[in-house]
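Visitor: What follows is the file upload.json, containing JSON, C-alpha atoms and all ligand atoms:
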[["chain", "number", "residue", "atom", "x", "y", "z"],
["A", 1, "MET", "CA", -61.46, -12.24, -12.56],
["A", 2, "SER", "CA", -64.04, -11.86, -9.81],
["A", 3, "ASP", "CA", -62.71, -15.03, -8.13],
["A", 4, "SER", "CA", -59.20, -13.53, -8.04],
["A", 5, "LEU", "CA", -60.50, -10.27, -6.64],
["A", 6, "GLU", "CA", -62.59, -12.07, -4.05],
["A", 7, "ARG", "CA", -59.54, -14.13, -2.95],
["A", 8, "LEU", "CA", -57.47, -10.95, -2.77],
["A", 9, "TYR", "CA", -60.21, -9.21, -0.78],
["A", 10, "LEU", "CA", -60.20, -12.04, 1.79],
["A", 11, "ALA", "CA", -56.38, -11.90, 1.96],
["A", 12, "VAL", "CA", -56.55, -8.14, 2.52],
["A", 13, "LEU", "CA", -59.08, -8.63, 5.31],
["A", 14, "ALA", "CA", -56.81, -11.24, 6.89],
["A", 15, "ALA", "CA", -53.74, -8.98, 6.59],
["A", 16, "ARG", "CA", -55.50, -6.01, 8.20],
["A", 17, "ASP", "CA", -54.50, -7.20, 11.67],
["A", 18, "LEU", "CA", -50.92, -8.21, 10.82],
["A", 19, "ASP", "CA", -47.82, -6.27, 11.90],
["A", 20, "PRO", "CA", -47.59, -3.03, 9.88],
["A", 21, "ALA", "CA", -43.82, -3.38, 10.00],
["A", 22, "THR", "CA", -44.01, -6.44, 7.76],
["A", 23, "SER", "CA", -47.41, -6.14, 6.04],
["A", 24, "ARG", "CA", -48.08, -3.35, 3.55],
["A", 25, "THR", "CA", -51.79, -3.96, 3.89],
["A", 26, "ALA", "CA", -51.69, -3.65, 7.67],
["A", 27, "ARG", "CA", -49.64, -0.47, 7.22],
["A", 28, "LEU", "CA", -52.25, 0.95, 4.84],
["A", 29, "PHE", "CA", -55.01, 0.21, 7.37],
["A", 30, "GLN", "CA", -52.93, 1.81, 10.11],
["A", 31, "ARG", "CA", -52.49, 4.97, 8.01],
["A", 32, "GLY", "CA", -56.17, 5.14, 7.12],
["A", 33, "PRO", "CA", -58.50, 5.87, 4.18],
["A", 34, "SER", "CA", -56.74, 9.03, 2.98],
["A", 35, "LYS", "CA", -53.46, 7.13, 2.46],
["A", 36, "MET", "CA", -55.38, 4.30, 0.79],
["A", 37, "ALA", "CA", -57.09, 6.79, -1.51],
["A", 38, "LYS", "CA", -53.75, 8.44, -2.34],
["A", 39, "LYS", "CA", -52.20, 5.08, -3.26],
["A", 40, "LEU", "CA", -55.23, 4.14, -5.37],
["A", 41, "ALA", "CA", -55.08, 7.45, -7.22],
["A", 42, "GLU", "CA", -51.31, 7.04, -7.78],
["A", 43, "GLU", "CA", -51.84, 3.58, -9.25],
["A", 44, "ALA", "CA", -54.63, 4.85, -11.52],
["A", 45, "ILE", "CA", -52.28, 7.54, -12.85],
["A", 46, "GLU", "CA", -49.52, 4.96, -13.38],
["A", 47, "VAL", "CA", -51.96, 2.82, -15.42],
["A", 48, "VAL", "CA", -52.93, 5.86, -17.50],
["A", 49, "ILE", "CA", -49.32, 6.88, -18.17],
["A", 50, "ASP", "CA", -48.29, 3.36, -19.17],
["A", 51, "ALA", "CA", -51.35, 3.02, -21.43],
["A", 52, "VAL", "CA", -50.62, 6.35, -23.13],
["A", 53, "ASN", "CA", -47.02, 5.18, -23.61],
["A", 54, "GLY", "CA", -48.31, 1.96, -25.17],
["A", 55, "ASP", "CA", -46.56, -0.19, -22.57],
["A", 56, "ALA", "CA", -49.07, -3.04, -22.26],
["A", 57, "GLU", "CA", -46.91, -5.08, -19.88],
["A", 58, "ALA", "CA", -46.61, -2.12, -17.52],
["A", 59, "VAL", "CA", -50.38, -1.57, -17.78],
["A", 60, "VAL", "CA", -50.86, -5.17, -16.63],
["A", 61, "ARG", "CA", -48.52, -4.72, -13.65],
["A", 62, "GLU", "CA", -49.95, -1.37, -12.61],
["A", 63, "SER", "CA", -53.52, -2.66, -13.07],
["A", 64, "ALA", "CA", -52.76, -5.43, -10.58],
["A", 65, "ASP", "CA", -51.45, -2.79, -8.16],
["A", 66, "LEU", "CA", -54.55, -0.69, -8.84],
["A", 67, "LEU", "CA", -56.88, -3.60, -8.09],
["A", 68, "TYR", "CA", -54.94, -4.39, -4.92],
["A", 69, "ASN", "CA", -55.25, -0.83, -3.67],
["A", 70, "LEU", "CA", -58.93, -0.80, -4.69],
["A", 71, "THR", "CA", -59.69, -3.91, -2.62],
["A", 72, "VAL", "CA", -57.91, -2.32, 0.36],
["A", 73, "LEU", "CA", -60.08, 0.79, 0.01],
["A", 74, "TRP", "CA", -63.20, -1.40, -0.39],
["A", 75, "ALA", "CA", -62.35, -3.22, 2.84],
["A", 76, "SER", "CA", -61.78, 0.05, 4.64],
["A", 77, "ALA", "CA", -65.09, 1.45, 3.35],
["A", 78, "GLY", "CA", -67.04, -1.70, 4.28],
["A", 79, "VAL", "CA", -67.69, -2.49, 0.59],
["A", 80, "ARG", "CA", -67.65, -6.18, -0.41],
["A", 81, "PRO", "CA", -66.82, -7.40, -3.94],
["A", 82, "GLU", "CA", -70.33, -8.87, -4.23],
["A", 83, "ASP", "CA", -71.76, -5.39, -3.64],
["A", 84, "VAL", "CA", -69.91, -4.19, -6.74],
["A", 85, "TRP", "CA", -70.85, -7.27, -8.80],
["A", 86, "ARG", "CA", -74.54, -6.66, -7.89],
["A", 87, "GLU", "CA", -74.33, -3.06, -9.12],
["A", 88, "MET", "CA", -72.64, -4.17, -12.33],
["A", 89, "SER", "CA", -75.42, -6.75, -12.89],
["A", 90, "ARG", "CA", -78.04, -4.08, -12.28],
["A", 91, "ARG", "CA", -76.46, -1.94, -15.00],
["A", 92, "GLU", "CA", -76.19, -4.93, -17.33],
["A", 93, "ASP", "CA", -79.92, -5.62, -16.81],
["A", 94, "MET", "CA", -80.55, -2.09, -18.03],
["A", 95, "LEU", "CA", -79.10, -3.11, -21.42],
["A", 96, "GLY", "CA", -75.64, -1.78, -20.76],
["A", 97, "ILE", "CA", -74.37, 1.34, -19.00],
["A", 98, "ALA", "CA", -77.32, 3.80, -18.81],
["A", 99, "GLU", "CA", -75.36, 6.60, -20.55],
["A", 100, "LYS", "CA", -74.90, 4.38, -23.60],
["A", 101, "LEU", "CA", -78.67, 3.96, -24.18],
["A", 102, "PRO", "CA", -79.92, 5.27, -27.55],
["A", 103, "LYS", "CA", -81.34, 8.79, -27.39],
["A", 104, "SER", "CA", -84.89, 7.74, -28.35],
["A", 105, "PRO", "CA", -86.94, 5.53, -25.96],
["A", 106, "MET", "CA", -86.11, 1.88, -26.53],
["A", 107, "LYS", "CA", -88.61, -0.17, -28.59],
["A", 108, "LEU", "CA", -88.73, -3.43, -26.63],
["A", 109, "PRO", "CA", -89.45, -6.65, -28.58],
["A", 110, "LYS", "CA", -93.21, -7.38, -28.94],
["A", 111, "VAL", "CA", -92.94, -10.67, -27.02],
["A", 112, "ALA", "CA", -90.81, -9.53, -24.14],
["A", 113, "SER", "CA", -88.91, -12.20, -22.22],
["A", 114, "PRO", "CA", -89.85, -12.35, -18.52],
["A", 115, "ARG", "CA", -86.58, -10.58, -17.69],
["A", 116, "ILE", "CA", -87.29, -7.71, -20.14],
["A", 117, "SER", "CA", -90.89, -7.19, -18.99],
["A", 118, "ALA", "CA", -89.67, -7.15, -15.39],
["A", 119, "ARG", "CA", -87.20, -4.41, -16.29],
["A", 120, "ARG", "CA", -87.94, -0.79, -15.56],
["A", 121, "PRO", "CA", -88.94, 1.27, -18.65],
["A", 122, "ILE", "CA", -85.80, 2.06, -20.63],
["A", 123, "VAL", "CA", -85.32, 5.76, -21.27],
["A", 124, "ALA", "CA", -82.42, 7.69, -22.64],
["A", 125, "LEU", "CA", -80.57, 9.72, -20.03],
["A", 126, "GLU", "CA", -79.77, 13.28, -21.08],
["A", 127, "GLY", "CA", -76.81, 13.41, -18.80],
["A", 128, "ARG", "CA", -75.60, 13.05, -15.24],
["A", 129, "ALA", "CA", -78.40, 15.16, -13.75],
["A", 130, "ALA", "CA", -80.94, 12.78, -15.30],
["A", 131, "ARG", "CA", -79.24, 9.85, -13.60],
["A", 132, "LYS", "CA", -79.89, 11.43, -10.18],
["A", 133, "ARG", "CA", -83.66, 10.96, -10.77],
["A", 134, "HIS", "CA", -83.43, 7.19, -10.24],
["B", 201, "LIG", "N1", -51.85, -8.22, -4.07],
["B", 201, "LIG", "C1", -51.04, -7.56, -3.37],
["B", 201, "LIG", "C2", -50.31, -6.45, -3.89],
["B", 201, "LIG", "N2", -50.28, -5.85, -5.12],
["B", 201, "LIG", "C3", -49.44, -4.82, -5.03],
["B", 201, "LIG", "N3", -48.94, -4.74, -3.77],
["B", 201, "LIG", "C4", -47.97, -3.79, -3.24],
["B", 201, "LIG", "O1", -48.25, -2.52, -3.77],
["B", 201, "LIG", "C5", -47.05, -2.00, -4.32],
["B", 201, "LIG", "C6", -47.41, -1.19, -5.52],
["B", 201, "LIG", "O2", -47.66, 0.12, -5.10],
["B", 201, "LIG", "P1", -46.46, 1.14, -5.30],
["B", 201, "LIG", "O3", -45.90, 1.01, -6.69],
["B", 201, "LIG", "O4", -46.94, 2.50, -4.88],
["B", 201, "LIG", "O5", -45.41, 0.62, -4.23],
["B", 201, "LIG", "P2", -44.02, 1.26, -4.01],
["B", 201, "LIG", "O6", -43.42, 1.69, -5.30],
["B", 201, "LIG", "O7", -43.30, 0.29, -3.17],
["B", 201, "LIG", "O8", -44.28, 2.65, -3.23],
["B", 201, "LIG", "P3", -44.85, 2.76, -1.76],
["B", 201, "LIG", "O9", -46.26, 2.19, -1.76],
["B", 201, "LIG", "O10", -43.94, 1.92, -0.89],
["B", 201, "LIG", "O11", -44.81, 4.23, -1.47],
["B", 201, "LIG", "C7", -46.20, -3.18, -4.70],
["B", 201, "LIG", "O12", -44.84, -2.83, -4.65],
["B", 201, "LIG", "C8", -46.60, -4.23, -3.71],
["B", 201, "LIG", "O13", -45.71, -4.15, -2.60],
["B", 201, "LIG", "C9", -49.45, -5.74, -3.03],
["B", 201, "LIG", "N4", -49.27, -6.07, -1.72],
["B", 201, "LIG", "C10", -49.95, -7.13, -1.25],
["B", 201, "LIG", "N5", -50.81, -7.87, -2.03],
["B", 201, "LIG", "C11", -51.53, -9.00, -1.43],
["B", 201, "LIG", "O14", -52.15, -8.53, -0.25],
["B", 201, "LIG", "C12", -52.17, -9.60, 0.72],
["B", 201, "LIG", "C13", -51.53, -9.10, 2.00],
["B", 201, "LIG", "O15", -50.15, -8.92, 1.78],
["B", 201, "LIG", "P4", -49.30, -7.99, 2.80],
["B", 201, "LIG", "O16", -49.77, -6.60, 2.66],
["B", 201, "LIG", "O17", -47.87, -8.16, 2.33],
["B", 201, "LIG", "O18", -49.55, -8.55, 4.19],
["B", 201, "LIG", "C14", -51.40, -10.78, 0.09],
["B", 201, "LIG", "O19", -52.35, -11.68, -0.48],
["B", 201, "LIG", "C15", -50.61, -10.13, -1.02],
["B", 201, "LIG", "O20", -50.42, -10.98, -2.11]]
Show how you would write the structure in this file as structure tokens.

Guide:
Amino acid sequence: MSDSLERLYLAVLAARDLDPATSRTARLFQRGPSKMAKKLAEEAIEVVIDAVNGDAEAVVRESADLLYNLTVLWASAGVRPEDVWREMSRREDMLGIAEKLPKSPMKLPKVASPRISARRPIVALEGRAARKRH
């Protein structure tokens, strides 16, 4: 999936300077981040509604629209796909999303693999405020 998103991101960057009269992407760049954010939010709501209605095919279509609008907003914000992949890897290295850690401190295996010993100590996060202490 990341390959598809990276190809789309490059296509969005290339379309930024096209004629807004013929390119939706160029039109979104012309109208700015608030319009991009509005479109992204609209697509997210469309995905939610279709999912609640159990319309899997519509969820697929709207998810593609959502990802398109997300890559446009990334480009506008100067965020690259690899920046997001790096953050996702960082979370994966912390044994999954921090909020999902067990409440008690993790007992790491006696013979830790190099990757585990290099990891920061794993602690349960009480909630969002705790996450700010990173
Ligand atoms: N991947 C996409 C892509 N996905 C979705 N969309 C557009 O986003 C729309 C979905 O959002 P909406 O449902 O809100 O669209 P809408 O119902 O027409 O409503 P409005 O946005 O017009 O208000 C679709 O109708 C598509 O026109 C896309 N438009 C462009 N791309 C790619 O972006 C690149 C640049 O294309 P251009 O923008 O055409 O230059 C190319 O690689 C394209 O394949």

Visitor: Given the choices A:Ser63, A:Ser76, A:Ser34, A:Ser2, which gets closest to ligand LIG 201 (chain B) if the distance is worked out from only C-alpha atoms and all ligand atoms?

Guide: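 Selected residue with least distance to ligand LIG 201 (chain B): A:Ser63.
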
Visitor: Name the residues, by chain letter and number, that sit within 12 Å of ligand LIG 201 (chain B) using all atoms listed in the file, and give them as a count of residues only.

Guide: 56

Visitor: Take CA of Asp3 (chain A) and CA of Arg80 (chain A) and report the distance between them in Å, one decimal.

Guide: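 Calculated distance between CA of Asp3 (chain A) and CA of Arg80 (chain A) is 12.7 Å.
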
Visitor: CA of Pro33 (chain A) and CA of Trp74 (chain A) are how many Å apart?

Guide: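 So the answer is 9.8 Å.
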
Visitor: So the first atom is CA of Val79 (chain A) and the second is CA of Glu92 (chain A); what is the distance between them in Å, to one decimal place?

Guide: 20.0 Å

Visitor: Draw an axis-aligned box over all listed atoms of region 23-40 of chain A, pad each side with 5 Å, and write its centre and edge lengths in Å, one decimal, as lines of an AutoDock Vina configuration file.

Guide:
center_x = -53.0
center_y = 1.4
center_z = 2.4
size_x = 21.1
size_y = 25.2
size_z = 25.5

Visitor: Name the closest residue to Ala77 (chain A) among the candidates A:Ser89, A:Leu95, A:Gly32, A:Gly54; distances are taken between atoms, counting only C-alpha atoms.

Guide: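 Comparing A:Ser89, A:Leu95, A:Gly32, A:Gly54 against Ala77 (chain A), the winner is A:Gly32.
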